[in-house]
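Asks: Quick one: the structure is below, and I'll ask about it shortly.
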Amino acid sequence: MTRKVIITCAVTGSVHTPTMSEYLPITPEQIAEQAIGAAEAGAAVLHLHARNPEDGRPTPDPGVFMRFLPRIRAATDAVVNISTGGGMPMTVHERMQAALRAQPEMASLNMGTMNFGLYPALSRYDHWRYDWEPAFLDASRDFVFKNTFADIETLLAELGDGCGTRFEFECYDVGHLFTLAHFLDRGLVRPPLFVQFVLGILGGIGADPDQLAHMKRTADRLFGDDYRFSVLGAGRHQLPLASMGAAMGGNVRVGLEDNLFLDRGVLAPSNAAQVGRIRQVLDGLGLEIATPAEAREMLALKGADRVAF
Ligand code: KMH
Ligand code: ZN
């Protein structure tokens with residue numbers, strides 16, 4: 001059987017700010033519209049965050065999520081994956097609330113406490129649409145992205161065991177893979193694991209082919225046939241690293257959460273445009289994309305009829 005590639009599209013995230021791209025979806029209507037467009041373009045999984053509709057600031061408010069989740073569900077069959085990483089300066093408790101309310105088929109789970117430097121972007125812009133944006137980016141110099149063992153245990157228990165949600169295990173460095181292996185040893189996570197290799201975040205592993213090969217080699221050793229991997233390269237590394245990941249047997253993540261551009265110096269006009277671009281690469285490699293139903297089977301998800309939105 002031909003191997004199918006799961007395209008995840010991360011639609012808005014909490015890394016970029018409104019000044020950086022007029023195409024970054026902010027309001028629930030924009031998030032729903034772009035998520036649906038990404039699904040129509042071929043994304044089987046939609047990784048979702050919410051933003052304050054007034055000023056674009058990342059928000060953990062489940063009420064805001066509930067303004068777009070039902071629309072997405074009504075219009076597409078795509079798997080909804082809700083972030084538990086949230087954004088600065090949310091607490092872990094706040095970050096969990098939307099997923100606990102919506103009980104999605106998938107949620108992200110970040111596999112270690114780390115630095116997460118967004119401040120280099122400060123020097124790239126002279127004017128900001130909102131005052132919060134430069135302060136937000138600057139705060140990343142001293143922000144700890146907290147994902148302790150206890151935090152991970154809480155998420156696995158409350159969301160995993162409590163809601164039947166399965167996880168996109170976001171691993172930003174090799175040590176995070178060993179942490180995931182520790183939870184596998186303890187029987188707190190169950191195969192097939194869906195591991196997102198995150199490369200190019202300031203504070204995590206660098207975005208280059210050697211590091212991707214190292215992540216894969218390590219995960220192969222730790223998880224054998226018990227896992228599937230996907231590749232997320234930050235910024236300009238998104239397309240090349242996703243392409244390498246697909247050629248190496250993995251799945252891919254694109255979307256404006258992690259990269260605002262389509263070509264050098266050209267902003268992506270939509271999430272769908274980035275999905276379309278990676279599809280061209282996959283076509284060129286002779287790889288087929290997974291439908292949402294195929295992704296559900298590959299990842300052992302509970303099904304779209306068992307969510308709470
Ligand atoms: N933007 C990614 C590098 C999460 O939502 O849990 C981080 C992320 C975290 O996706
Ligand atoms: Zn995210």
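Just remember, in the structure tokens the first chain shown is A, the second B, etc., residues are 1-based per chain, and ligands are 1-based in the order shown.
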For Phe149 of chain A, work out the shell of residues within 12 Å, counting only C-alpha atoms and skipping chain neighbours fewer than 5 positions away, then give it as a list in words.
Replies: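 Using only C-alpha atoms, the neighbours found are Leu109, Asn110, Met111, Gly112, Thr113, Thr154, Leu155, Leu156, His176, Thr179, Leu180, His182, Phe183 and Leu188 of chain A.
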Asks: Just write the chosen residues, N, CA, C and O atoms, as a PDB file, in the first residue's frame.
Replies:
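Saved as selection-v3.pdb:
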```pdb
ATOM      1  N   LEU A 109       1.019  18.539  22.856  1.00  0.00           N
ATOM      2  CA  LEU A 109       1.601  18.326  24.186  1.00  0.00           C
ATOM      3  C   LEU A 109       3.100  18.579  24.048  1.00  0.00           C
ATOM      4  O   LEU A 109       3.790  17.859  23.319  1.00  0.00           O
ATOM      5  N   ASN A 110       3.551  19.630  24.721  1.00  0.00           N
ATOM      6  CA  ASN A 110       4.945  20.065  24.595  1.00  0.00           C
ATOM      7  C   ASN A 110       5.801  19.326  25.613  1.00  0.00           C
ATOM      8  O   ASN A 110       5.476  19.287  26.797  1.00  0.00           O
ATOM      9  N   MET A 111       6.885  18.721  25.137  1.00  0.00           N
ATOM     10  CA  MET A 111       7.572  17.691  25.918  1.00  0.00           C
ATOM     11  C   MET A 111       8.740  18.184  26.762  1.00  0.00           C
ATOM     12  O   MET A 111       9.543  17.371  27.225  1.00  0.00           O
ATOM     13  N   GLY A 112       8.796  19.476  27.033  1.00  0.00           N
ATOM     14  CA  GLY A 112       9.836  19.930  27.953  1.00  0.00           C
ATOM     15  C   GLY A 112       9.768  21.420  28.197  1.00  0.00           C
ATOM     16  O   GLY A 112       9.289  22.194  27.358  1.00  0.00           O
ATOM     17  N   THR A 113      10.256  21.799  29.377  1.00  0.00           N
ATOM     18  CA  THR A 113      10.368  23.218  29.735  1.00  0.00           C
ATOM     19  C   THR A 113      11.572  23.807  29.004  1.00  0.00           C
ATOM     20  O   THR A 113      12.612  23.165  28.901  1.00  0.00           O
ATOM     21  N   THR A 154      -0.333  15.839  34.185  1.00  0.00           N
ATOM     22  CA  THR A 154      -1.688  16.398  34.332  1.00  0.00           C
ATOM     23  C   THR A 154      -2.422  16.382  33.002  1.00  0.00           C
ATOM     24  O   THR A 154      -3.594  15.981  32.914  1.00  0.00           O
ATOM     25  N   LEU A 155      -1.734  16.809  31.957  1.00  0.00           N
ATOM     26  CA  LEU A 155      -2.377  16.833  30.633  1.00  0.00           C
ATOM     27  C   LEU A 155      -2.722  15.425  30.153  1.00  0.00           C
ATOM     28  O   LEU A 155      -3.802  15.198  29.592  1.00  0.00           O
ATOM     29  N   LEU A 156      -1.806  14.491  30.375  1.00  0.00           N
ATOM     30  CA  LEU A 156      -2.081  13.116  29.949  1.00  0.00           C
ATOM     31  C   LEU A 156      -3.289  12.553  30.699  1.00  0.00           C
ATOM     32  O   LEU A 156      -4.142  11.868  30.111  1.00  0.00           O
ATOM     33  N   HIS A 176      13.720  15.901  24.567  1.00  0.00           N
ATOM     34  CA  HIS A 176      12.261  15.749  24.648  1.00  0.00           C
ATOM     35  C   HIS A 176      11.827  14.360  24.193  1.00  0.00           C
ATOM     36  O   HIS A 176      10.817  13.833  24.659  1.00  0.00           O
ATOM     37  N   THR A 179      12.253  12.157  27.105  1.00  0.00           N
ATOM     38  CA  THR A 179      11.155  12.370  28.061  1.00  0.00           C
ATOM     39  C   THR A 179       9.913  11.611  27.599  1.00  0.00           C
ATOM     40  O   THR A 179       9.223  10.975  28.398  1.00  0.00           O
ATOM     41  N   LEU A 180       9.647  11.659  26.299  1.00  0.00           N
ATOM     42  CA  LEU A 180       8.491  10.910  25.775  1.00  0.00           C
ATOM     43  C   LEU A 180       8.696   9.406  25.989  1.00  0.00           C
ATOM     44  O   LEU A 180       7.758   8.691  26.373  1.00  0.00           O
ATOM     45  N   HIS A 182      10.286   8.055  28.362  1.00  0.00           N
ATOM     46  CA  HIS A 182      10.051   7.826  29.798  1.00  0.00           C
ATOM     47  C   HIS A 182       8.548   7.629  30.059  1.00  0.00           C
ATOM     48  O   HIS A 182       8.142   6.721  30.786  1.00  0.00           O
ATOM     49  N   PHE A 183       7.729   8.464  29.436  1.00  0.00           N
ATOM     50  CA  PHE A 183       6.279   8.312  29.637  1.00  0.00           C
ATOM     51  C   PHE A 183       5.752   7.039  28.963  1.00  0.00           C
ATOM     52  O   PHE A 183       4.804   6.433  29.452  1.00  0.00           O
ATOM     53  N   LEU A 188       2.107   5.685  30.374  1.00  0.00           N
ATOM     54  CA  LEU A 188       1.195   6.839  30.419  1.00  0.00           C
ATOM     55  C   LEU A 188       0.872   7.377  29.032  1.00  0.00           C
ATOM     56  O   LEU A 188      -0.053   8.167  28.876  1.00  0.00           O
TER      57      LEU A 188
END
```
Asks: Got a sec to check which residues lie within 6 Å of ligand 1, using only C-alpha atoms and all ligand atoms, and send them as a ChimeraX atom specification?
Replies: /A:13,83-86,108-110,257-258
Asks: For the residues in the current selection, export C-alpha atoms as an mmCIF file, in the first residue's frame.
Replies:
```
data_model
loop_
_atom_site.group_PDB
_atom_site.id
_atom_site.type_symbol
_atom_site.label_atom_id
_atom_site.label_comp_id
_atom_site.auth_asym_id
_atom_site.auth_seq_id
_atom_site.Cartn_x
_atom_site.Cartn_y
_atom_site.Cartn_z
ATOM 1 C CA GLY A 13 -0.519 30.116 16.588
ATOM 2 C CA SER A 83 -3.021 23.672 21.279
ATOM 3 C CA THR A 84 -2.154 23.212 24.932
ATOM 4 C CA GLY A 85 1.010 25.238 24.382
ATOM 5 C CA GLY A 86 -1.021 28.439 24.208
ATOM 6 C CA SER A 108 -0.605 19.377 21.282
ATOM 7 C CA LEU A 109 1.601 18.326 24.186
ATOM 8 C CA ASN A 110 4.945 20.065 24.595
ATOM 9 C CA GLU A 257 1.663 29.678 12.963
ATOM 10 C CA ASP A 258 5.224 28.747 12.092
#
```
Asks: Just give me the gap between atom CA of Ala268 of chain A and atom CA of Gln34 of chain A in Å, one decimal is fine.
Replies: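 For atom CA of Ala268 of chain A relative to atom CA of Gln34 of chain A, the distance reads 11.9 Å.
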Asks: How close does chain A get to ligand 2? List, as a tab-separated table, each residue of chain A within 12 Å, its nearest atom pair and the distance in Å to one decimal, counting only C-alpha atoms and all ligand atoms.
Replies:
```
residue	atom	partner	partner_atom_place_in_ligand_line	distance
A:Thr8	CA	ligand 2	1 (Zn)	11.0
A:Cys9	CA	ligand 2	1 (Zn)	9.9
A:Ala10	CA	ligand 2	1 (Zn)	6.5
A:Val11	CA	ligand 2	1 (Zn)	8.5
A:Thr12	CA	ligand 2	1 (Zn)	7.9
A:Gly13	CA	ligand 2	1 (Zn)	4.9
A:Ser14	CA	ligand 2	1 (Zn)	6.9
A:Val15	CA	ligand 2	1 (Zn)	8.4
A:His16	CA	ligand 2	1 (Zn)	11.0
A:Leu46	CA	ligand 2	1 (Zn)	10.1
A:His47	CA	ligand 2	1 (Zn)	6.4
A:Leu48	CA	ligand 2	1 (Zn)	6.6
A:His49	CA	ligand 2	1 (Zn)	6.3
A:Ala50	CA	ligand 2	1 (Zn)	9.9
A:Pro58	CA	ligand 2	1 (Zn)	10.7
A:Pro60	CA	ligand 2	1 (Zn)	11.8
A:Asn81	CA	ligand 2	1 (Zn)	9.2
A:Ile82	CA	ligand 2	1 (Zn)	7.9
A:Ser83	CA	ligand 2	1 (Zn)	5.2
A:Thr84	CA	ligand 2	1 (Zn)	7.6
A:Gly85	CA	ligand 2	1 (Zn)	6.1
A:Gly86	CA	ligand 2	1 (Zn)	6.7
A:Gly87	CA	ligand 2	1 (Zn)	8.3
A:Met88	CA	ligand 2	1 (Zn)	11.8
A:Arg95	CA	ligand 2	1 (Zn)	10.9
A:Ala107	CA	ligand 2	1 (Zn)	9.4
A:Ser108	CA	ligand 2	1 (Zn)	7.1
A:Leu109	CA	ligand 2	1 (Zn)	9.5
A:Asn110	CA	ligand 2	1 (Zn)	9.5
A:Glu168	CA	ligand 2	1 (Zn)	10.0
A:Phe169	CA	ligand 2	1 (Zn)	11.2
A:Glu170	CA	ligand 2	1 (Zn)	9.1
A:Gln196	CA	ligand 2	1 (Zn)	11.1
A:Val198	CA	ligand 2	1 (Zn)	10.8
A:Leu232	CA	ligand 2	1 (Zn)	10.8
A:Ala234	CA	ligand 2	1 (Zn)	11.6
A:Arg253	CA	ligand 2	1 (Zn)	10.7
A:Val254	CA	ligand 2	1 (Zn)	11.1
A:Gly255	CA	ligand 2	1 (Zn)	10.0
A:Leu256	CA	ligand 2	1 (Zn)	10.2
A:Glu257	CA	ligand 2	1 (Zn)	6.7
A:Asp258	CA	ligand 2	1 (Zn)	8.3
A:Asn259	CA	ligand 2	1 (Zn)	11.9
```
Asks: Pick out each residue of segment 43-222 of chain A that DSSP on the backbone tags as alpha helix (DSSP H); I need them as number ranges by chain.
Replies: A: 62-75, 92-102, 132-139, 149-155, 162-163, 174-185, 209-222
Asks: Which one of A:Arg217, A:Arg296, A:Arg57, A:Arg279 sits closest to Thr165 of chain A if you count only C-alpha atoms?
Replies: A:Arg296
Asks: Could you work out how far atom CA of Met90 of chain A lies from atom CA of Gly233 of chain A, giving the answer in Å with one decimal?
Replies: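 Going from atom CA of Gly233 of chain A over to atom CA of Met90 of chain A, I get 23.7 Å.
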Asks: Show me, as a PyMOL selection string, the residues that have an atom within 8 Å of Asp173 of chain A when counting only C-alpha atoms, minus same-chain residues fewer than 3 positions from it.
Replies: chain A and resi 176-177+197-199+204-205+215
Asks: With all heavy atoms retained, export the selected residues as an mmCIF file, in the first residue's frame.
Replies:
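The resulting file, result_39.cif, is reproduced below:
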```cif
data_model
loop_
_atom_site.group_PDB
_atom_site.id
_atom_site.type_symbol
_atom_site.label_atom_id
_atom_site.label_comp_id
_atom_site.auth_asym_id
_atom_site.auth_seq_id
_atom_site.Cartn_x
_atom_site.Cartn_y
_atom_site.Cartn_z
ATOM 1 N N HIS A 176 13.720 15.901 24.567
ATOM 2 C CA HIS A 176 12.261 15.749 24.648
ATOM 3 C C HIS A 176 11.827 14.360 24.193
ATOM 4 O O HIS A 176 10.817 13.833 24.659
ATOM 5 C CB HIS A 176 11.572 16.831 23.813
ATOM 6 C CG HIS A 176 11.811 18.217 24.332
ATOM 7 N ND1 HIS A 176 11.322 19.340 23.708
ATOM 8 C CD2 HIS A 176 12.481 18.675 25.416
ATOM 9 C CE1 HIS A 176 11.685 20.414 24.383
ATOM 10 N NE2 HIS A 176 12.393 20.037 25.409
ATOM 11 N N LEU A 177 12.593 13.779 23.275
ATOM 12 C CA LEU A 177 12.278 12.410 22.830
ATOM 13 C C LEU A 177 12.499 11.426 23.976
ATOM 14 O O LEU A 177 11.723 10.487 24.160
ATOM 15 C CB LEU A 177 13.142 12.029 21.626
ATOM 16 C CG LEU A 177 12.955 12.889 20.368
ATOM 17 C CD1 LEU A 177 14.023 12.533 19.325
ATOM 18 C CD2 LEU A 177 11.561 12.693 19.784
ATOM 19 N N PHE A 197 8.548 16.734 15.208
ATOM 20 C CA PHE A 197 9.910 17.253 15.378
ATOM 21 C C PHE A 197 9.849 18.748 15.070
ATOM 22 O O PHE A 197 9.528 19.139 13.932
ATOM 23 C CB PHE A 197 10.886 16.606 14.397
ATOM 24 C CG PHE A 197 11.065 15.107 14.542
ATOM 25 C CD1 PHE A 197 11.463 14.348 13.449
ATOM 26 C CD2 PHE A 197 10.877 14.455 15.757
ATOM 27 C CE1 PHE A 197 11.666 12.977 13.554
ATOM 28 C CE2 PHE A 197 11.077 13.072 15.874
ATOM 29 C CZ PHE A 197 11.464 12.335 14.772
ATOM 30 N N VAL A 198 10.161 19.563 16.070
ATOM 31 C CA VAL A 198 10.100 21.023 15.912
ATOM 32 C C VAL A 198 11.527 21.539 15.824
ATOM 33 O O VAL A 198 12.278 21.463 16.798
ATOM 34 C CB VAL A 198 9.369 21.675 17.103
ATOM 35 C CG1 VAL A 198 9.250 23.183 16.892
ATOM 36 C CG2 VAL A 198 7.990 21.044 17.309
ATOM 37 N N LEU A 199 11.898 22.061 14.672
ATOM 38 C CA LEU A 199 13.271 22.524 14.476
ATOM 39 C C LEU A 199 13.298 24.021 14.177
ATOM 40 O O LEU A 199 12.468 24.519 13.407
ATOM 41 C CB LEU A 199 13.939 21.771 13.323
ATOM 42 C CG LEU A 199 14.215 20.282 13.595
ATOM 43 C CD1 LEU A 199 13.057 19.411 13.176
ATOM 44 C CD2 LEU A 199 15.477 19.825 12.866
ATOM 45 N N GLY A 204 15.558 25.714 21.087
ATOM 46 C CA GLY A 204 15.476 24.293 20.731
ATOM 47 C C GLY A 204 16.536 23.933 19.706
ATOM 48 O O GLY A 204 17.449 24.713 19.406
ATOM 49 N N ILE A 205 16.388 22.750 19.132
ATOM 50 C CA ILE A 205 17.384 22.255 18.176
ATOM 51 C C ILE A 205 17.357 23.102 16.895
ATOM 52 O O ILE A 205 16.313 23.660 16.531
ATOM 53 C CB ILE A 205 17.124 20.754 17.879
ATOM 54 C CG1 ILE A 205 18.378 20.056 17.364
ATOM 55 C CG2 ILE A 205 15.944 20.580 16.923
ATOM 56 C CD1 ILE A 205 18.273 18.528 17.407
ATOM 57 N N MET A 215 17.267 13.670 15.089
ATOM 58 C CA MET A 215 15.965 13.477 15.764
ATOM 59 C C MET A 215 15.347 12.156 15.309
ATOM 60 O O MET A 215 14.856 11.364 16.114
ATOM 61 C CB MET A 215 15.010 14.643 15.443
ATOM 62 C CG MET A 215 15.391 15.981 16.045
ATOM 63 S SD MET A 215 15.181 16.098 17.840
ATOM 64 C CE MET A 215 13.437 16.472 17.988
#
```
Asks: If you measure from atom CA of Lys216 of chain A to atom CA of Arg236 of chain A, what distance in Å do you get, rounded to one decimal?
Replies: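 Taking atom CA of Lys216 of chain A and atom CA of Arg236 of chain A, their separation equals 20.7 Å.
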Asks: Please determine, counting only C-alpha atoms, which residue among A:Gly249, A:Pro240, A:Gly56, A:Gly37 has the shortest atom-to-atom distance to Pro25 of chain A.
Replies: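 Using only C-alpha atoms, the shortest distance to Pro25 of chain A belongs to A:Gly56.
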Asks: Residues near Pro53 of chain A, anyone? I mean within 12 Å using only C-alpha atoms, not counting same-chain ones fewer than 2 positions away, as a ChimeraX atom specification.
Replies: /A:18,25-31,50-51,55-59,61,63-65,67-68
Asks: For the selection you just gave me, I'd like the residues written to a file as a compact mmCIF listing (two decimals), in the first residue's frame, keeping C-alpha atoms.
Replies:
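Dumped everything to selection-v2.txt:
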```txt
# COMPACT_ATOMS: atom_id res chain seq x y z
CA PRO A 18 -0.66 41.15 13.49
CA PRO A 25 -6.06 35.14 10.89
CA ILE A 26 -7.19 36.90 14.05
CA THR A 27 -10.97 36.87 14.48
CA PRO A 28 -12.98 33.67 14.91
CA GLU A 29 -14.40 34.24 11.43
CA GLN A 30 -10.94 34.55 9.92
CA ILE A 31 -9.60 31.53 11.80
CA ALA A 50 -7.26 31.45 19.44
CA ARG A 51 -6.63 35.18 19.45
CA ASP A 55 -6.21 43.13 18.99
CA GLY A 56 -4.87 39.74 17.90
CA ARG A 57 -3.22 38.86 21.19
CA PRO A 58 -3.12 35.09 21.85
CA THR A 59 -5.90 34.03 24.23
CA ASP A 61 -10.34 31.71 26.43
CA GLY A 63 -15.33 30.96 24.72
CA VAL A 64 -13.29 32.34 21.83
CA PHE A 65 -12.37 28.83 20.64
CA ARG A 67 -16.75 30.72 18.27
CA PHE A 68 -14.81 28.96 15.52
```
Asks: With DSSP run on the backbone, what are the strand (DSSP E or B) residues within segment 6-238 of chain A? I'd like them as a ChimeraX atom specification.
Replies: /A:7-10,45-48,50-51,58-59,79-82,106-110,114-115,117,144-145,166-171,193-199,202,204,227-233
Asks: Between A:Val231, A:Met96, A:Val252, A:Ile6, single out the one closest to Ala213 of chain A, counting only C-alpha atoms.
Replies: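 The shortest atom-to-atom distance to Ala213 of chain A comes from A:Val231.
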Asks: Taking into account only C-alpha atoms, which residue in the set A:Pro62, A:Gly303, A:Pro292, A:Gly286 is nearest to Ala43 of chain A?
Replies: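 Residue with the minimum atom-to-atom distance to Ala43 of chain A: A:Pro292.
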Asks: I'd like to know which of A:Asp208, A:Asp263, A:Asp151, A:Asp226 is closest to Ala242 of chain A, using only C-alpha atoms.
Replies: A:Asp208
Asks: Could you check the closest approach to Ala273 of chain A for each of A:Ala78, A:Thr17, A:Ile289, A:Ala38 and tell me which residue wins, using only C-alpha atoms?
Replies: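 Of A:Ala78, A:Thr17, A:Ile289, A:Ala38, the one nearest Ala273 of chain A is A:Ala38, counting only C-alpha atoms.
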